[in-house]
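Note sheet for the following structure.
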Amino acid sequence: MTTLSCKVTSVEAITDTVYRVRLVPEAAFSFRAGQYLMVVMDERDKRPFSMASTPAEQEFIELHIGASELNLYAMAVMDRILKEREIEVDIPHGEAWLREDEDRPLILIAGGTGFSYVRSILLTALARNPNRDIAIYWGGREAKHLYDLSELEALSIEHPGLRIEPVVEQPEEGVARTFRDRADRGAAGLRHSGGA
């Protein structure tokens, strides 16, 4: 693992509680799609955030941070980002990353800003094989919390094997389904691909 100092180059409020943060690290780094970093608040306080950027995007790190008065843990990180415009990160962490030797159909499931690591895995998988069958189930409290849904829908037009299944806890009338409805519908096309 490497500790890097990063300059904050942009902070975009993409919903009332989600921020897209771009960091430029002072030195080269590497990670695998799906891994996360730790924001170093002090020597004993390191806070995990998934990376939305891909390993191919070496010039910056993108984070999606859900922060509000109800989440003081993440809000303290956002306060530092906004005030100091520089943070220290410990990178990489995690074992939930995209394996390079696999080309099987892929199912990605995320809730809220958990979409950030799914984005990294998705874009990396499509760069390796644009025709790979991929299903994404992304849940949020309301439709507005699925903040990159239009980007996903555009990708699904370019990549016919990509299926997007938005899941909303509080749906608008007649628009969204529950996760169970969507999962039941999607499971009809699944088959076991492991060993005996």
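Every chain in the structure tokens has a letter given in the order shown (A, B, ...), and although residue numbers restart at 1 in each chain, ligands are simply numbered from 1 in the order shown.
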Stretch 149-177 of chain A residues near stretch 98-110 of chain A within 10 Å, closest pair each, using only C-alpha atoms, as a tab-separated table:
```
residue	atom	partner	partner_atom	distance
A:Gly161	CA	A:Pro105	CA	9.1
A:Leu162	CA	A:Leu106	CA	9.5
A:Arg163	CA	A:Ile107	CA	9.5
A:Ile164	CA	A:Leu108	CA	9.7
A:Glu165	CA	A:Ile109	CA	9.5
A:Pro166	CA	A:Ala110	CA	9.9
A:Val167	CA	A:Ala110	CA	9.8
```
Can you list, as a count of residues only, every protein, DNA or RNA residue that comes within 7 Å of stretch 113-127 of chain A when you count only C-alpha atoms, leaving out same-chain residues fewer than 3 positions away?
-> 18
From the list A:Ser150, A:Glu172, A:Pro160, A:Gly112, the nearest residue to A:Asn131 using only C-alpha atoms is A:Pro160
Taking only C-alpha atoms into account, which of A:Ile61, A:Ile134, A:Glu95, A:Met75 comes nearest A:Arg20?
->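 Among A:Ile61, A:Ile134, A:Glu95, A:Met75, it is A:Ile61 that comes nearest to A:Arg20.
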Near A:Lys46, counting only C-alpha atoms, which residues have an atom at most 12 Å away, once you skip same-chain residues fewer than 4 positions from it, shown as an MDAnalysis selection string?
-> chainID A and resid 3 36:42 73:74 76:77 87:91 93
Hey, what's within 6 Å of A:Val24 if we count only C-alpha atoms and toss same-chain stuff fewer than 3 positions away? As an NGL selection string, please?
-> :A and (6-7 or 60)
